[in-house]
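The structure file structure-v2.txt is reproduced below (compact mmCIF, C-alpha atoms).
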```
# COMPACT_ATOMS: atom_id res chain seq x y z
CA MET A 29 99.44 71.25 73.29
CA ILE A 30 100.34 74.85 72.32
CA ALA A 31 97.17 76.02 74.06
CA THR A 32 98.51 74.84 77.42
CA LEU A 33 101.71 76.90 77.19
CA PRO A 34 100.16 80.20 78.40
CA VAL A 35 98.58 78.33 81.34
CA ILE A 36 101.92 76.73 82.23
CA ALA A 37 103.64 80.14 81.88
CA LEU A 38 101.02 81.69 84.20
CA PHE A 39 101.55 78.99 86.82
CA ALA A 40 105.34 79.38 86.50
CA PHE A 41 105.00 83.13 87.09
CA GLY A 42 102.76 82.44 90.07
CA PHE A 43 105.42 80.27 91.70
CA THR A 44 107.85 83.24 91.65
CA ARG A 45 105.45 85.31 93.78
CA ASN A 46 105.05 85.25 97.55
CA PRO A 47 101.32 84.85 98.27
CA SER A 48 101.67 86.24 101.79
CA GLU A 49 103.32 89.47 100.67
CA ILE A 50 100.87 92.34 100.57
CA PRO A 51 101.85 95.45 98.63
CA SER A 52 101.18 98.51 100.80
CA PRO A 53 99.89 101.78 99.40
CA LEU A 54 100.92 103.64 102.57
CA PRO A 55 104.60 104.62 102.04
CA GLY A 56 104.73 108.16 100.64
CA ASN A 57 101.35 109.08 102.15
CA ALA A 58 100.41 110.90 105.35
CA ALA A 59 100.66 108.64 108.38
CA PRO A 60 97.24 107.90 109.94
CA SER A 61 96.90 109.91 113.14
CA PHE A 62 96.46 108.20 116.49
CA THR A 63 95.95 109.08 120.14
CA LEU A 64 96.62 106.03 122.30
CA PRO A 65 97.11 105.49 126.05
CA VAL A 66 100.45 104.35 127.46
CA PHE A 67 100.41 101.01 129.33
CA ALA A 68 104.18 100.39 129.51
CA PRO A 69 106.14 103.52 130.45
CA GLY A 70 109.57 102.77 129.00
CA GLU A 71 112.75 103.95 130.71
CA ALA A 72 114.34 107.35 131.33
CA PRO A 73 114.94 109.54 129.39
CA LEU A 74 112.24 108.20 127.03
CA ALA A 75 109.74 107.25 129.74
CA ARG A 76 106.09 108.36 129.59
CA PRO A 77 103.71 107.88 132.53
CA VAL A 78 101.20 105.02 132.34
CA GLY A 79 97.81 106.40 131.29
CA ASP A 80 99.38 109.33 129.42
CA THR A 81 98.31 109.55 125.79
CA ILE A 82 100.70 109.59 122.87
CA ARG A 83 99.51 111.53 119.83
CA LEU A 84 101.22 111.27 116.48
CA ALA A 85 100.39 114.93 115.90
CA ASP A 86 102.70 115.83 118.82
CA GLN A 87 105.79 114.42 117.12
CA GLY A 88 107.23 117.94 116.81
CA GLY A 89 109.26 117.53 113.64
CA LYS A 90 110.92 114.32 114.82
CA VAL A 91 111.17 111.04 112.97
CA VAL A 92 108.65 108.62 114.51
CA VAL A 93 109.14 104.86 114.62
CA VAL A 94 105.90 102.97 115.22
CA ASN A 95 106.38 99.30 116.02
CA PHE A 96 103.40 96.93 116.25
CA TRP A 97 104.10 93.97 118.53
CA ALA A 98 102.53 91.39 120.82
CA SER A 99 103.67 89.16 123.68
CA TRP A 100 102.55 86.07 121.74
CA CYS A 101 104.69 87.06 118.73
CA LEU A 102 107.92 85.06 118.57
CA ALA A 103 109.51 87.20 115.86
CA CYS A 104 109.05 90.27 118.09
CA ARG A 105 111.73 88.83 120.40
CA ASP A 106 114.25 88.98 117.56
CA GLU A 107 113.90 92.73 117.07
CA HIS A 108 113.38 93.81 120.67
CA THR A 109 117.00 94.64 121.48
CA ALA A 110 117.56 96.43 118.16
CA LEU A 111 114.52 98.67 118.72
CA SER A 112 115.25 99.37 122.36
CA GLU A 113 118.89 100.29 121.76
CA THR A 114 118.27 102.34 118.62
CA ALA A 115 115.56 104.30 120.47
CA ARG A 116 118.15 105.33 123.09
CA GLU A 117 120.70 106.16 120.41
CA TYR A 118 118.28 108.49 118.60
CA ALA A 119 116.60 109.91 121.72
CA ASN A 120 116.99 113.50 120.49
CA THR A 121 115.91 113.07 116.90
CA ALA A 122 113.44 110.18 116.78
CA GLU A 123 110.49 109.10 118.86
CA PHE A 124 109.80 105.40 119.23
CA VAL A 125 106.43 104.01 120.22
CA GLY A 126 105.33 100.41 120.58
CA VAL A 127 101.72 99.55 119.76
CA LEU A 128 100.37 96.40 121.39
CA TYR A 129 98.41 94.35 118.85
CA ASN A 130 95.57 92.01 119.89
CA ASP A 131 97.04 91.35 123.30
CA ARG A 132 96.36 92.12 126.97
CA PRO A 133 98.39 94.96 128.53
CA GLU A 134 99.29 92.71 131.51
CA ALA A 135 100.80 90.17 129.12
CA GLY A 136 102.66 92.99 127.37
CA VAL A 137 104.12 94.30 130.65
CA ARG A 138 105.18 90.79 131.67
CA TRP A 139 106.83 90.24 128.29
CA ILE A 140 108.79 93.51 128.52
CA SER A 141 109.98 92.52 131.98
CA GLN A 142 111.05 89.07 130.73
CA MET A 143 112.93 90.71 127.86
CA GLY A 144 114.89 92.90 130.29
CA GLY A 145 112.93 96.11 129.77
CA GLN A 146 112.12 98.42 126.87
CA SER A 147 113.61 101.89 126.54
CA TYR A 148 110.56 103.52 124.89
CA PRO A 149 106.86 103.52 125.84
CA SER A 150 104.16 101.22 124.47
CA VAL A 151 100.49 102.01 123.98
CA ILE A 152 97.24 100.01 123.80
CA ASP A 153 95.29 99.88 120.54
CA ASN A 154 91.79 98.80 121.54
CA SER A 155 89.87 96.97 118.80
CA SER A 156 92.95 97.32 116.54
CA ARG A 157 91.63 100.54 115.02
CA THR A 158 95.14 101.96 114.60
CA ALA A 159 96.45 98.63 113.30
CA ILE A 160 93.75 98.61 110.60
CA ASP A 161 94.47 102.27 109.83
CA TYR A 162 98.07 101.22 109.18
CA GLY A 163 97.02 98.32 106.97
CA LEU A 164 98.49 95.80 109.38
CA TYR A 165 98.19 92.08 108.75
CA GLY A 166 100.57 90.69 111.32
CA VAL A 167 103.27 91.43 113.85
CA PRO A 168 105.92 92.59 113.96
CA GLU A 169 105.51 95.47 111.54
CA THR A 170 107.41 98.74 111.80
CA PHE A 171 106.56 102.09 110.22
CA ILE A 172 109.06 104.94 110.00
CA ILE A 173 107.41 108.33 109.70
CA ASP A 174 109.35 111.36 108.47
CA PRO A 175 109.38 114.75 110.26
CA ALA A 176 106.63 115.98 107.88
CA GLY A 177 104.31 113.18 109.05
CA ARG A 178 104.51 110.95 105.97
CA ILE A 179 105.13 107.21 106.12
CA ALA A 180 108.61 106.84 104.64
CA TYR A 181 109.10 103.14 105.19
CA LYS A 182 107.17 100.04 106.16
CA HIS A 183 108.99 96.96 107.39
CA ILE A 184 107.33 93.57 107.70
CA GLY A 185 108.97 91.10 110.10
CA PRO A 186 111.76 91.68 112.62
CA ILE A 187 113.70 94.86 111.91
CA SER A 188 117.47 95.16 112.47
CA ALA A 189 119.37 98.01 114.11
CA ALA A 190 121.22 98.61 110.84
CA THR A 191 117.98 99.08 108.89
CA LEU A 192 116.58 101.37 111.58
CA ARG A 193 119.72 103.54 111.61
CA GLN A 194 119.90 103.72 107.83
CA LYS A 195 116.25 104.68 107.43
CA ILE A 196 116.22 107.20 110.28
CA ASP A 197 119.47 108.82 109.08
CA SER A 198 118.04 109.19 105.58
CA LEU A 199 115.10 111.15 107.00
CA LEU A 200 117.04 113.52 109.20
CA PRO A 201 117.94 116.91 107.60
CA ARG A 202 121.68 116.23 107.74
CA GLY A 203 121.25 112.67 106.38
CA ALA A 204 123.25 111.77 103.27
CA ALA A 205 120.13 110.71 101.40
CA GLY A 206 118.33 113.99 102.21
CA ILE A 207 114.64 114.04 103.02
CA ASP A 208 113.40 112.76 99.69
CA VAL A 209 110.98 109.97 100.46
CA PRO A 210 110.75 107.09 98.03
CA LYS A 211 107.21 106.79 96.67
CA ALA A 212 106.79 103.15 97.63
CA ASP A 213 109.34 101.66 99.99
CA THR A 214 108.15 98.41 101.48
CA MET A 215 110.38 95.56 102.46
CA ARG A 216 109.88 92.16 104.01
CA MET B 4 99.57 56.00 68.26
CA ARG B 5 96.59 57.87 66.83
CA ALA B 6 94.41 56.79 69.71
CA ARG B 7 96.98 58.17 72.12
CA SER B 8 97.06 61.58 70.41
CA ARG B 9 93.25 61.64 70.40
CA ALA B 10 93.24 60.96 74.11
CA ALA B 11 95.83 63.71 74.64
CA CYS B 12 93.72 66.23 72.68
CA LEU B 13 90.60 65.31 74.64
CA PHE B 14 92.54 65.65 77.88
CA VAL B 15 93.72 69.16 76.89
CA GLY B 16 90.15 70.20 76.01
CA VAL B 17 88.71 68.91 79.27
CA ALA B 18 91.60 70.40 81.27
CA CYS B 19 90.97 73.83 79.69
CA LEU B 20 87.29 73.63 80.63
CA LEU B 21 88.01 72.55 84.19
CA ALA B 22 90.76 75.16 84.63
CA CYS B 23 88.57 78.06 83.61
CA LEU B 24 85.58 76.86 85.60
CA THR B 25 87.63 76.64 88.79
CA ALA B 26 89.86 79.68 88.20
CA SER B 27 87.06 82.19 87.75
CA PRO B 28 87.61 85.10 90.17
CA THR B 29 83.93 85.14 91.05
CA SER B 30 83.74 81.45 92.00
CA ALA B 31 85.57 82.08 95.27
CA LEU B 32 82.86 84.51 96.21
CA ALA B 33 80.03 82.04 95.80
CA THR B 34 80.38 80.67 99.32
CA SER B 35 80.96 84.02 100.95
CA GLN B 36 77.90 85.78 99.63
CA GLN B 37 75.51 84.46 102.24
CA ALA B 38 74.34 87.12 104.62
CA GLU B 39 75.00 86.66 108.33
CA LYS B 40 71.94 85.97 110.48
CA PRO B 41 70.86 89.18 112.18
CA THR B 42 71.44 89.35 115.92
CA SER B 43 68.29 91.39 116.51
CA PRO B 44 65.39 92.26 114.20
CA GLY B 45 66.09 96.00 114.48
CA ASP B 46 69.63 95.59 113.17
CA ALA B 47 68.72 93.20 110.37
CA GLY B 48 69.30 95.73 107.61
CA LEU B 49 72.60 96.92 109.02
CA GLU B 50 73.80 93.36 109.63
CA ALA B 51 72.92 92.34 106.08
CA ARG B 52 74.67 95.38 104.60
CA THR B 53 77.72 94.76 106.81
CA ALA B 54 77.81 91.12 105.70
CA ALA B 55 77.48 92.10 102.04
CA ILE B 56 80.47 94.48 102.23
CA ALA B 57 82.52 92.19 104.52
CA SER B 58 82.09 89.41 101.95
CA THR B 59 83.94 91.49 99.39
CA LEU B 60 86.96 92.19 101.64
CA ARG B 61 89.87 89.79 102.04
CA CYS B 62 90.98 88.80 105.52
CA PRO B 63 94.64 89.91 105.84
CA VAL B 64 95.61 87.10 108.23
CA CYS B 65 93.91 84.24 106.33
CA GLN B 66 94.41 82.53 103.00
CA GLY B 67 91.73 83.49 100.50
CA GLU B 68 88.96 84.06 103.03
CA SER B 69 86.72 87.10 103.39
CA ILE B 70 86.49 89.01 106.67
CA GLN B 71 82.84 87.87 106.75
CA ASP B 72 83.78 84.18 106.69
CA SER B 73 86.88 84.31 108.88
CA PRO B 74 86.72 83.81 112.66
CA ALA B 75 90.11 85.56 113.06
CA GLU B 76 90.22 88.42 115.57
CA LEU B 77 91.43 90.96 113.01
CA ALA B 78 88.62 89.94 110.63
CA GLN B 79 86.05 90.52 113.39
CA GLN B 80 87.60 93.91 114.15
CA MET B 81 87.48 94.83 110.46
CA ARG B 82 83.81 93.83 110.32
CA ALA B 83 83.22 96.16 113.26
CA VAL B 84 84.89 98.96 111.29
CA VAL B 85 82.61 98.22 108.31
CA LYS B 86 79.54 98.39 110.57
CA GLU B 87 80.71 101.61 112.22
CA ARG B 88 81.28 103.27 108.89
CA LEU B 89 77.86 102.15 107.61
CA ARG B 90 76.30 103.62 110.76
CA ALA B 91 78.18 106.86 110.05
CA GLY B 92 76.41 106.99 106.67
CA GLU B 93 79.22 105.88 104.36
CA SER B 94 78.42 104.06 101.13
CA PRO B 95 79.79 100.55 100.37
CA GLU B 96 82.11 102.14 97.79
CA GLN B 97 83.48 104.59 100.38
CA ILE B 98 84.10 101.74 102.83
CA GLN B 99 85.87 99.67 100.18
CA ALA B 100 87.92 102.74 99.26
CA TYR B 101 88.94 103.15 102.92
CA PHE B 102 90.26 99.58 103.11
CA MET B 103 91.93 99.93 99.70
CA SER B 104 93.75 103.05 100.93
CA LYS B 105 95.23 100.90 103.73
CA TYR B 106 95.81 97.51 102.06
CA GLY B 107 95.71 98.33 98.35
CA GLU B 108 93.46 96.64 95.79
CA TRP B 109 94.64 93.31 97.25
CA ILE B 110 91.98 93.70 99.95
CA LEU B 111 89.19 93.22 97.40
CA LEU B 112 88.36 89.53 96.94
CA GLU B 113 86.83 90.30 93.57
CA PRO B 114 89.17 92.39 91.41
CA ARG B 115 87.68 95.58 90.00
CA ARG B 116 86.50 95.33 86.39
CA THR B 117 88.92 97.86 84.97
CA GLY B 118 92.13 97.82 82.93
CA LEU B 119 94.11 94.58 82.88
CA ASN B 120 91.71 93.07 85.45
CA LEU B 121 89.20 92.70 82.61
CA LEU B 122 91.35 89.84 81.35
CA LEU B 123 90.46 87.89 84.50
CA TYR B 124 86.82 88.06 83.52
CA ALA B 125 87.18 87.69 79.76
CA LEU B 126 89.76 84.89 79.74
CA PRO B 127 87.64 82.20 81.46
CA ILE B 128 84.76 82.86 79.04
CA ALA B 129 87.14 82.76 76.07
CA LEU B 130 88.66 79.51 77.36
CA VAL B 131 85.23 77.90 77.85
CA ILE B 132 84.20 78.83 74.31
CA GLY B 133 87.60 77.70 72.95
CA GLY B 134 87.34 74.41 74.84
CA LEU B 135 83.82 73.75 73.60
CA VAL B 136 84.84 74.49 70.00
CA LEU B 137 87.88 72.21 70.34
CA VAL B 138 85.80 69.36 71.77
CA ALA B 139 83.10 69.86 69.08
CA VAL B 140 85.69 69.81 66.27
CA LEU B 141 87.40 66.71 67.67
CA VAL B 142 84.15 64.82 68.23
CA LYS B 143 83.02 65.69 64.70
CA ARG B 144 86.32 64.51 63.25
CA TRP B 145 86.32 61.28 65.21
CA THR B 146 82.73 60.38 64.43
CA ALA B 147 83.07 61.14 60.69
CA PRO B 148 83.25 58.00 58.48
CA GLU B 149 86.89 57.18 57.81
CA SER B 150 87.97 57.37 54.15
CA ASN B 151 90.43 54.78 52.92
CA PRO B 152 93.40 56.59 51.32
CA GLY B 153 94.32 53.53 49.27
CA GLN B 154 90.90 53.31 47.61
CA THR B 155 89.95 55.42 44.56
CA SER B 156 86.34 56.24 43.83
```
Have the structure of the file written as C-alpha cells, please.
Amino acid sequence: MIATLPVIALFAFGFTRNPSEIPSPLPGNAAPSFTLPVFAPGEAPLARPVGDTIRLADQGGKVVVVNFWASWCLACRDEHTALSETAREYANTAEFVGVLYNDRPEAGVRWISQMGGQSYPSVIDNSSRTAIDYGLYGVPETFIIDPAGRIAYKHIGPISAATLRQKIDSLLPRGAAGIDVPKADTMR
Amino acid sequence: MRARSRAACLFVGVACLLACLTASPTSALATSQQAEKPTSPGDAGLEARTAAIASTLRCPVCQGESIQDSPAELAQQMRAVVKERLRAGESPEQIQAYFMSKYGEWILLEPRRTGLNLLLYALPIALVIGGLVLVAVLVKRWTAPESNPGQTS
C-alpha cells in the first residue's frame, strides 16, 4: 500500500495544476517584430489609413499594446471597451494595435461596427505568422511591450482597464514602478 | 482476511504495471509517428521531414495532440511554418528551438531527456521492474507449501 502513496501524491499535485495554462518564455525578451497591413482604421486621433502598414520597429520609444482578437471570440467582447478607452487615454504615450487572428477582415470590420467602434487600428495577420511568433494559443491575448521593445507582460483572456493602466504606468519613465521589467510576468 | 490482503497486494502490483505502461511519455507519440502521405512525389522527402518534426510538437489549441495529427487551423499554420523553415535549410533541432522560444518546453510532446525530465523515463522502467519483482515474490510465497505452526518436526 505504501508504494501507491507517491502515485496518489503525484495525482493530487496534478489536480492543483491548470492543464490549459501554458507558461510563456516571452516576457523579458525582445518582442518579435512585425509589419502588418491595417484593415480597420480606428478613430481620430489614433486612426491609420486602411492598407497602411504598422511596424513594431516604428514604435518610437512608446509603450506598445498588442491585442490579438477575432470576431468569433466571445471573450473579446468583454475587453473591447477597456482597450478602446485606455488607448484614447494613453494616446500620447502608448500605441495600441489589434491583430485579427484566424478571421476574415470583413467579419472584423462588421464586429467593430457592432461594438460601437474601436479607437485604435487593427491589422491582418495572414497565416497567423505573427500569432505563432508571439506564442499564441487562443484569443484574446494581450502583450504589453516596453519602450525598449521588450515584452513586459502577457495577458491571457479578457484584460481590464485597471490592469492596462497599471502595466502601462509601470513602463513609463515617470511610473512609480520604474522601467524594471519582471523576468517572467504572465497572468491568466 | 488473508485472502483479502492477498487480493489487495495483487491489485497493487497489477495497478503499478498498468500505470507505468500507460503513463510512459513516449506512448502518446506512438500514434503520431506515422508520416503524412506525400502530396506529390517531388515533395515526398520534405513532407516526410515536416511530418516527423510536426509529430514532436504539441498543438496549442488541442488537448495532447501533435500539430501533425490535429486538424485545427493553428496546427495547420504551424505545420506550414515547419515546412517553410525546412525549405530555408534549418535543422529539426533549430525548428524545435524556434517553437520552444515561443511556447517554452511545453510545446514538445516528448520531454527532453535532461535534468529532472530523466525521471519521466526512468520511473516507468523502475516501476515495471518493481511490479514484476512484487508479483514474483507474492506468487512464490502463495505457491509455497504452507507449514503448520502448531506442528513440530
Please find the residues of chain B near chain A - the criterion being any atom within 7 Å, counting only C-alpha atoms - and write them as a PyMOL selection string.
chain B and resi 63-64+80+104-107
Please produce an output containing C-alpha atoms for each residue in the selection, written as a PDB file, in the coordinates of the input.
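Output file selection.pdb follows:
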```
ATOM      1  CA  PRO B  63      94.640  89.910 105.840  1.00  0.00           C
ATOM      2  CA  VAL B  64      95.610  87.100 108.230  1.00  0.00           C
ATOM      3  CA  GLN B  80      87.600  93.910 114.150  1.00  0.00           C
ATOM      4  CA  SER B 104      93.750 103.050 100.930  1.00  0.00           C
ATOM      5  CA  LYS B 105      95.230 100.900 103.730  1.00  0.00           C
ATOM      6  CA  TYR B 106      95.810  97.510 102.060  1.00  0.00           C
ATOM      7  CA  GLY B 107      95.710  98.330  98.350  1.00  0.00           C
TER       8      GLY B 107
END
```
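Atom CA of Ala59 of chain A lies 23.6 Å from atom CA of Lys86 of chain B.
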For a test of reading the model, state the distance in Å between atom CA of Leu84 of chain A and atom CA of Leu60 of chain B, rounded to one decimal.
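Atom CA of Leu60 of chain B lies 28.1 Å from atom CA of Leu84 of chain A.
Going from atom CA of Asp72 of chain B over to atom CA of Arg90 of chain B, you cover 21.2 Å.
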Expected residue set, 12 Å radius at (90.0, 102.9, 127.0), only C-alpha atoms, as a compact mmCIF listing (two decimals) with C-alpha atoms, in the frame of the given file:
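Saved to part-v7.txt:
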```txt
# COMPACT_ATOMS: atom_id res chain seq x y z
CA THR A 63 95.95 109.08 120.14
CA LEU A 64 96.62 106.03 122.30
CA PRO A 65 97.11 105.49 126.05
CA VAL A 66 100.45 104.35 127.46
CA PHE A 67 100.41 101.01 129.33
CA GLY A 79 97.81 106.40 131.29
CA ASP A 80 99.38 109.33 129.42
CA THR A 81 98.31 109.55 125.79
CA PRO A 133 98.39 94.96 128.53
CA VAL A 151 100.49 102.01 123.98
CA ILE A 152 97.24 100.01 123.80
CA ASP A 153 95.29 99.88 120.54
CA ASN A 154 91.79 98.80 121.54
CA SER A 155 89.87 96.97 118.80
```
Extract, using all atoms listed in the file, all DNA, RNA and protein residues at most 9 Å from segment 105-118 of chain A, discarding same-chain residues fewer than 3 positions from it, and format them as an MDAnalysis selection string.
chainID A and resid 73:74 93 95 99 101:102 121:124 143 145:148 168 185:190 192:193 196
With only C-alpha atoms as the atoms that count, which of B:Ser73, B:Gln79, B:Thr59, B:Gln66 lies nearest to Ile110 of chain B?
B:Thr59
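If all atoms listed in the file are the atoms counted, then among B:Leu123, B:Leu135, B:Ala54, B:Cys62 the closest residue to Pro74 of chain B is B:Cys62.
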Which is closest to Phe102 of chain B among B:Val136, B:Leu122, B:Lys143, B:Ala57, if we use only C-alpha atoms?
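The closest residue to Phe102 of chain B is B:Ala57.
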Starting from the block above, write segment 67-113 of chain B out to a file with C-alpha atoms, as a PDB file, in the first residue's frame, please.
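The resulting file, part35.pdb, is shown below:
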```pdb
ATOM      1  CA  GLY B  67      -2.498  16.313 -26.017  1.00  0.00           C
ATOM      2  CA  GLU B  68      -2.421  16.238 -29.819  1.00  0.00           C
ATOM      3  CA  SER B  69       0.510  16.976 -32.098  1.00  0.00           C
ATOM      4  CA  ILE B  70       0.288  19.630 -34.808  1.00  0.00           C
ATOM      5  CA  GLN B  71       0.701  16.752 -37.280  1.00  0.00           C
ATOM      6  CA  ASP B  72      -2.429  14.963 -36.027  1.00  0.00           C
ATOM      7  CA  SER B  73      -4.619  17.985 -35.352  1.00  0.00           C
ATOM      8  CA  PRO B  74      -6.972  19.412 -37.997  1.00  0.00           C
ATOM      9  CA  ALA B  75      -7.077  22.761 -36.125  1.00  0.00           C
ATOM     10  CA  GLU B  76      -6.290  25.856 -38.200  1.00  0.00           C
ATOM     11  CA  LEU B  77      -3.422  26.941 -35.953  1.00  0.00           C
ATOM     12  CA  ALA B  78      -1.897  23.439 -36.156  1.00  0.00           C
ATOM     13  CA  GLN B  79      -2.004  23.595 -39.971  1.00  0.00           C
ATOM     14  CA  GLN B  80      -0.397  27.037 -39.898  1.00  0.00           C
ATOM     15  CA  MET B  81       2.324  25.750 -37.578  1.00  0.00           C
ATOM     16  CA  ARG B  82       2.965  22.831 -39.941  1.00  0.00           C
ATOM     17  CA  ALA B  83       3.377  25.376 -42.725  1.00  0.00           C
ATOM     18  CA  VAL B  84       5.964  27.194 -40.600  1.00  0.00           C
ATOM     19  CA  VAL B  85       7.826  23.895 -40.055  1.00  0.00           C
ATOM     20  CA  LYS B  86       7.858  23.247 -43.819  1.00  0.00           C
ATOM     21  CA  GLU B  87       8.999  26.787 -44.599  1.00  0.00           C
ATOM     22  CA  ARG B  88      11.846  26.557 -42.153  1.00  0.00           C
ATOM     23  CA  LEU B  89      12.912  23.164 -43.528  1.00  0.00           C
ATOM     24  CA  ARG B  90      12.918  24.679 -47.025  1.00  0.00           C
ATOM     25  CA  ALA B  91      15.086  27.509 -45.679  1.00  0.00           C
ATOM     26  CA  GLY B  92      17.636  24.877 -44.630  1.00  0.00           C
ATOM     27  CA  GLU B  93      17.014  24.753 -40.875  1.00  0.00           C
ATOM     28  CA  SER B  94      17.650  21.546 -38.953  1.00  0.00           C
ATOM     29  CA  PRO B  95      14.896  19.789 -36.938  1.00  0.00           C
ATOM     30  CA  GLU B  96      16.646  20.944 -33.749  1.00  0.00           C
ATOM     31  CA  GLN B  97      16.627  24.574 -34.921  1.00  0.00           C
ATOM     32  CA  ILE B  98      12.912  24.345 -35.747  1.00  0.00           C
ATOM     33  CA  GLN B  99      12.116  22.817 -32.357  1.00  0.00           C
ATOM     34  CA  ALA B 100      14.216  25.541 -30.721  1.00  0.00           C
ATOM     35  CA  TYR B 101      12.193  28.201 -32.580  1.00  0.00           C
ATOM     36  CA  PHE B 102       8.891  26.845 -31.249  1.00  0.00           C
ATOM     37  CA  MET B 103      10.390  26.411 -27.765  1.00  0.00           C
ATOM     38  CA  SER B 104      11.445  30.072 -27.782  1.00  0.00           C
ATOM     39  CA  LYS B 105       7.768  30.982 -28.336  1.00  0.00           C
ATOM     40  CA  TYR B 106       5.873  28.378 -26.281  1.00  0.00           C
ATOM     41  CA  GLY B 107       8.524  27.026 -23.915  1.00  0.00           C
ATOM     42  CA  GLU B 108       9.421  23.353 -23.497  1.00  0.00           C
ATOM     43  CA  TRP B 109       5.678  22.686 -23.173  1.00  0.00           C
ATOM     44  CA  ILE B 110       5.485  22.639 -26.980  1.00  0.00           C
ATOM     45  CA  LEU B 111       7.496  19.399 -27.132  1.00  0.00           C
ATOM     46  CA  LEU B 112       5.236  16.349 -26.860  1.00  0.00           C
ATOM     47  CA  GLU B 113       8.188  14.270 -25.735  1.00  0.00           C
TER      48      GLU B 113
END
```
